[in-house]
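Visitor: I have a structure here, written as structure tokens, and I will follow up with some questions on it.
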Amino acid sequence: MAYKITEECINCGACEPECPNQAISAGDTIYVIDFNKCSECVGSFDESQCAAVCPVDCCIPDPDHKESREELEAKHKRLKG
């Protein structure tokens, strides 16, 4: 499943440069994750980098966008060409 950023986001921007798929961008008041680009860092890292660097733990799995490991791997391959 893709990750999402909750309302607890302090808008620090630590997560944006860590995303290997450029899925994170600044929203109006908090950063947002494009679920179409989020592969939970599968294929790039052993853990989701946004969650690893977030100082307030607001990067969490998005239950509205569940995907299997195989689907995440396919998404990673599609995004990276």
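Identifiers in this document derive from the order of the structure tokens: chains are assigned A, B, ..., residues are numbered from 1 separately in each chain, and ligands are numbered from 1 in order of occurrence.
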Output as a list in words all residues of chain A that backbone DSSP marks as alpha helix (DSSP H).

Guide: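 Taking chain A and keeping alpha helix (DSSP H) only, one gets Gln49, Cys50, Ala51, Ala52, Val53, Arg69, Glu70, Glu71, Leu72, Glu73, Ala74, Lys75, His76, Lys77, Arg78, Leu79 and Lys80 of chain A.
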
Visitor: DSSP on the backbone, strand (DSSP E) only: what residues of chain A does that give? Format it as a PDB file with C-alpha atoms, in the first residue's frame.

Guide:
ATOM      1  CA  TYR A   3       2.052   5.782   2.243  1.00  0.00           C
ATOM      2  CA  LYS A   4       0.265   8.974   3.196  1.00  0.00           C
ATOM      3  CA  ILE A   5       1.150  11.974   5.302  1.00  0.00           C
ATOM      4  CA  ILE A  24       6.240  13.614  -2.255  1.00  0.00           C
ATOM      5  CA  SER A  25       5.511  17.278  -2.806  1.00  0.00           C
ATOM      6  CA  ALA A  26       4.509  20.325  -0.811  1.00  0.00           C
ATOM      7  CA  TYR A  31       3.405  17.587   2.352  1.00  0.00           C
ATOM      8  CA  VAL A  32       1.479  15.042   0.285  1.00  0.00           C
ATOM      9  CA  ILE A  33       2.284  11.694  -1.303  1.00  0.00           C
ATOM     10  CA  CYS A  59       4.204   9.119   7.232  1.00  0.00           C
ATOM     11  CA  ILE A  60       2.047   6.023   7.565  1.00  0.00           C
ATOM     12  CA  PRO A  61       0.665   3.246   5.341  1.00  0.00           C
TER      13      PRO A  61
END

Visitor: At a cut-off of 9 Å, using only C-alpha atoms, what residues contact range 42-45 of chain A? Leave out same-chain residues fewer than 3 positions from it and give the result as a list in words.

Guide: Pro20, Ser39, Ser48, Gln49, Arg69, Leu72, Glu73, Lys75, His76 and Lys77 of chain A

Visitor: How many Å separate CA of Lys37 in chain A from CA of Glu71 in chain A?

Guide: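 For CA of Lys37 in chain A relative to CA of Glu71 in chain A, the distance reads 12.1 Å.
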
Visitor: For a test of reading the model, state the distance in Å between CA of Pro17 in chain A and CA of Asp62 in chain A, rounded to one decimal.

Guide: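 So the answer is 20.1 Å.
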
Visitor: At what distance in Å, to one decimal, does CA of Arg78 in chain A lie from CA of Asn21 in chain A?

Guide: 10.7 Å

Visitor: Which is closest to Cys50 in chain A among A:Asp34, A:Asp64, A:Glu16, A:Glu7, if we use only C-alpha atoms?

Guide: A:Glu16

Visitor: Which residue is closest to Leu79 in chain A? Choose from A:Cys9, A:Val56, A:Cys41, A:Ala51 and count only C-alpha atoms.

Guide: A:Cys41

Visitor: Compare A:Pro63, A:Pro55, A:Gly81, A:Gly27 by their minimum atom-to-atom distance to Ile10 in chain A, counting only C-alpha atoms, and give me the closest one.

Guide: A:Pro55
